[in-house]
Every structure is written in structure tokens, then in C-alpha cells.
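Colleague: To start, I am sharing the structure in question, which I have written as C-alpha cells.
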Amino acid sequence: MRITARLAAVVATALLSTLAITSCDEGSDSQVGGSPAAPQSSGAGSPSNEYPKVQTPLDPSSYLKDPCRLVPPNVLNSIAEVGEGEPDVDSTAAKKLTGPRCTWISKDASGADVTLAIDTVRRDKADDGFKGIAAEYRSKESGDIDHLQPLAIPGHPGNPAVIAGQASKINNGSCPVTVGLTDDLTFTVIVIDREDPQGACEGAQKVAAAVLDTLSGGK
């Protein structure tokens, strides 16, 4: 019962973070830990063709029915000792807001929890110019979010990534990392670790790298 209640709480928190991201634009006032990417030209008013482009397209279609398979257990357990992933592909939230997702709950009440969502809803429903990684930059420019930090995911220079969201939530240990799979499709990893906000962002990047490794055939 405790795990079920905690799962519901984690999913609700991740959903709120995803909604903030999905309303999705650039620049960052407060740096949160990560490997910064090369500077991008994307100030307010920048045309969409100046946003980072995906150079290495990856297809997640074979994982949409069970996104939990994208992340090996050893990667998750290097962040926290977590239970079995809980996939959500058929709920109203998954179908209309987040896309297919998986949540892993720490067995320790104070440990980190992890959520992965493949942002197919935004790809399928958002207007052109508001899809993919460009949507994060537009969201920052419009003021929907107040923090955006470009990242370089080790081993995957062709897939632009960002920490994008509300600085207050990130600094409180809820860290979202969004990564481009194609120019109109992203996935987002959210790690929640109230005890270690820096570790939350490091963990989210580690999970993101594992997803890219799986999709690129283990490279």
C-alpha cells in the first residue's frame, strides 16, 4: 500500500514536471550540474532553424508498449535500489499528455525515484515549431519555464539534450532531462531525489545515456 501511494505521488510529480516541459523554449539563469553542450545561438526571437538539430535519429517505436525495457537494471540501481518498473501506456495521461512512460520507485523511502516518458503526444499533436527539442527552447523564451541548460550526453553528440523546467523544482531535487530522438520527438527522464538535487540531475543524465545506448544498439 505504501509503495502504491508513493508511486501515485511520484507519477503526479513527474506529470506536473512533464506538463511544464510540454507547454514548451532557452538560456538559463541558474546552472544545475551536468555536462554543458557547445553554446547554441538561440536567444529570444531566434528562428527555429537555429535550435539544436538531431544529427543521429533514433526510433523508439519497438519500446512504446513497454518503455521500461529501455533502461538496464544495473543503471537504475547505480542511482538507487529501485523496484520493478511500472509501465503506463494506456492511461488517459499517457495517451493525452505524457506519452508512454515507466516509473521506478526506490525501495528506500528517502531514495531517488525515476520516470521515463517518450514524448509522442507532443510529436503527434503540437503545432510545427513546437515539437522536439526546439519546444524546450521556445518554452524558455516564452517564459513557460525559467531554466534551460543545454547538455552533452557522453557518447551521443548527435542527440541534443537539456535540463529544462522550473528552477525551484530542479533545485528541490526534481530534475528533468529531455533528449532529442528526431527533430520532432524527444524523451524525458525525471529523477526525484530531495536529499541530493545535484545527484538527481546526474542520475537523470545517466538514465538518458542508457536509453540512447539501448536505442543505438548498445554503442
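A note on labels: chains of the C-alpha cells are A, B, ... as shown, every chain counts residues from 1, and ligands are counted from 1 in their shown order.
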Can you tell me, as a list in words, what residues are no more than 7 Å from Ile105 of chain A when counting only C-alpha atoms, ignoring any on the same chain fewer than 5 positions away?

Modeller: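 With the cut-off at 7 Å, the set is Leu7, Val82, Gly83, Asp113 and Val114 of chain A.
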
Colleague: For the selection you just gave me, I'd like the residues written to a file as a short mmCIF file (atom, residue, chain, number, x, y, z; two decimals), in the first residue's frame, keeping C-alpha atoms.

Modeller:
data_model
loop_
_atom_site.label_atom_id
_atom_site.label_comp_id
_atom_site.auth_asym_id
_atom_site.auth_seq_id
_atom_site.Cartn_x
_atom_site.Cartn_y
_atom_site.Cartn_z
CA LEU A 7 4.05 5.53 -6.94
CA VAL A 82 14.57 0.53 -7.16
CA GLY A 83 11.69 -1.86 -7.60
CA ASP A 113 12.70 7.73 -7.97
CA VAL A 114 12.95 7.66 -11.77
#

Colleague: List every residue of segment 158-215 of chain A that DSSP, applied to the backbone, labels as strand (DSSP E or B), and write the result as a VMD selection string.

Modeller: chain A and resid 161 to 165 174 to 182 185 to 192

Colleague: Give me the residues within 7 Å of Lys131 of chain A as JSON, numbers by chain, counting only C-alpha atoms and dropping any in the same chain fewer than 6 places off.

Modeller: {"A": [122, 123, 184, 185]}

Colleague: So, counting only C-alpha atoms, which residue among A:Asp183, A:Thr56, A:His156, A:Gly217 is closest to Gly129 of chain A?

Modeller: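 Ranking A:Asp183, A:Thr56, A:His156, A:Gly217 by distance to Gly129 of chain A, first place goes to A:Asp183.
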
Colleague: Just the residues within 10 Å of segment 199-216 of chain A, please, counting only C-alpha atoms, with nothing from its chain fewer than 4 positions along; format it as a PyMOL selection string.

Modeller: chain A and resi 32-35+56-63+67-72+75-76+78-80+112-116+151-156+159+161-163+170-181+187-195

Colleague: How would the residues just picked look written out with C-alpha atoms as a PDB file, in the first residue's frame?

Modeller:
ATOM      1  CA  VAL A  32      22.399  22.784 -12.365  1.00  0.00           C
ATOM      2  CA  GLY A  33      25.030  20.065 -12.607  1.00  0.00           C
ATOM      3  CA  GLY A  34      25.677  18.480 -15.957  1.00  0.00           C
ATOM      4  CA  SER A  35      27.991  18.383 -18.932  1.00  0.00           C
ATOM      5  CA  THR A  56      21.613  10.876 -35.030  1.00  0.00           C
ATOM      6  CA  PRO A  57      17.919   9.984 -35.385  1.00  0.00           C
ATOM      7  CA  LEU A  58      16.783   7.070 -33.237  1.00  0.00           C
ATOM      8  CA  ASP A  59      13.495   5.149 -33.429  1.00  0.00           C
ATOM      9  CA  PRO A  60      11.834   4.115 -30.125  1.00  0.00           C
ATOM     10  CA  SER A  61       8.766   2.528 -31.751  1.00  0.00           C
ATOM     11  CA  SER A  62       9.584  -1.022 -30.623  1.00  0.00           C
ATOM     12  CA  TYR A  63       9.631   0.176 -26.994  1.00  0.00           C
ATOM     13  CA  PRO A  67       9.363   1.756 -22.204  1.00  0.00           C
ATOM     14  CA  CYS A  68      10.723   0.113 -19.042  1.00  0.00           C
ATOM     15  CA  ARG A  69      12.865  -2.093 -21.301  1.00  0.00           C
ATOM     16  CA  LEU A  70      14.910   0.902 -22.375  1.00  0.00           C
ATOM     17  CA  VAL A  71      16.888   1.133 -19.139  1.00  0.00           C
ATOM     18  CA  PRO A  72      19.007  -1.769 -17.813  1.00  0.00           C
ATOM     19  CA  VAL A  75      21.944   1.586 -14.496  1.00  0.00           C
ATOM     20  CA  LEU A  76      18.902   2.200 -12.321  1.00  0.00           C
ATOM     21  CA  SER A  78      23.552   2.701  -9.644  1.00  0.00           C
ATOM     22  CA  ILE A  79      21.222   5.600  -8.813  1.00  0.00           C
ATOM     23  CA  ALA A  80      19.071   3.910  -6.173  1.00  0.00           C
ATOM     24  CA  ALA A 112      15.682   8.506  -5.729  1.00  0.00           C
ATOM     25  CA  ASP A 113      12.698   7.729  -7.969  1.00  0.00           C
ATOM     26  CA  VAL A 114      12.947   7.661 -11.765  1.00  0.00           C
ATOM     27  CA  THR A 115      10.409   8.316 -14.522  1.00  0.00           C
ATOM     28  CA  LEU A 116      10.957   7.975 -18.276  1.00  0.00           C
ATOM     29  CA  LEU A 151      23.775  19.235 -22.141  1.00  0.00           C
ATOM     30  CA  ALA A 152      26.107  16.889 -23.968  1.00  0.00           C
ATOM     31  CA  ILE A 153      25.236  13.259 -23.251  1.00  0.00           C
ATOM     32  CA  PRO A 154      28.527  11.300 -23.294  1.00  0.00           C
ATOM     33  CA  GLY A 155      28.854   9.131 -26.391  1.00  0.00           C
ATOM     34  CA  HIS A 156      25.844  10.709 -28.106  1.00  0.00           C
ATOM     35  CA  ASN A 159      21.267  13.863 -29.787  1.00  0.00           C
ATOM     36  CA  ALA A 161      19.753  17.368 -24.593  1.00  0.00           C
ATOM     37  CA  VAL A 162      18.675  19.908 -21.999  1.00  0.00           C
ATOM     38  CA  ILE A 163      17.738  20.235 -18.370  1.00  0.00           C
ATOM     39  CA  ILE A 170      15.062  21.416 -10.036  1.00  0.00           C
ATOM     40  CA  ASN A 171      16.847  22.887  -7.040  1.00  0.00           C
ATOM     41  CA  ASN A 172      14.438  20.949  -4.820  1.00  0.00           C
ATOM     42  CA  GLY A 173      15.537  17.646  -6.344  1.00  0.00           C
ATOM     43  CA  SER A 174      13.145  17.063  -9.277  1.00  0.00           C
ATOM     44  CA  CYS A 175      15.394  17.100 -12.335  1.00  0.00           C
ATOM     45  CA  PRO A 176      14.077  16.638 -15.903  1.00  0.00           C
ATOM     46  CA  VAL A 177      16.465  15.836 -18.748  1.00  0.00           C
ATOM     47  CA  THR A 178      14.957  15.961 -22.240  1.00  0.00           C
ATOM     48  CA  VAL A 179      16.779  14.448 -25.226  1.00  0.00           C
ATOM     49  CA  GLY A 180      16.128  14.680 -28.960  1.00  0.00           C
ATOM     50  CA  LEU A 181      15.496  11.415 -30.816  1.00  0.00           C
ATOM     51  CA  PHE A 187      12.108  11.598 -24.415  1.00  0.00           C
ATOM     52  CA  THR A 188      12.297  12.949 -20.886  1.00  0.00           C
ATOM     53  CA  VAL A 189      13.869  11.393 -17.806  1.00  0.00           C
ATOM     54  CA  ILE A 190      12.878  12.808 -14.422  1.00  0.00           C
ATOM     55  CA  VAL A 191      14.799  11.791 -11.319  1.00  0.00           C
ATOM     56  CA  ILE A 192      13.372  12.909  -7.982  1.00  0.00           C
ATOM     57  CA  ASP A 193      15.856  12.988  -5.109  1.00  0.00           C
ATOM     58  CA  ARG A 194      15.018  15.559  -2.439  1.00  0.00           C
ATOM     59  CA  GLU A 195      18.134  14.610  -0.470  1.00  0.00           C
TER      60      GLU A 195
END

Colleague: Run DSSP on the backbone and tell me which residues of segment 16-219 of chain A come out as alpha helix (DSSP H); list them as a count of residues only.

Modeller: 53

Colleague: Using only C-alpha atoms, can you tell me which of A:Lys53, A:His147, A:Lys95, A:Lys140 comes closest to Lys125 of chain A?

Modeller: A:Lys95

Colleague: Could you check how far atom CA of Glu86 of chain A sits from atom CA of Lys107 of chain A, in Å to one decimal?

Modeller: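 Computing the Euclidean distance for atom CA of Glu86 of chain A and atom CA of Lys107 of chain A yields 13.5 Å.
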
Colleague: Work out how far apart atom CA of Ser168 of chain A and atom CA of Gly143 of chain A are and give it in Å to one decimal.

Modeller: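 Distance reported for this atom pair: 14.2 Å.
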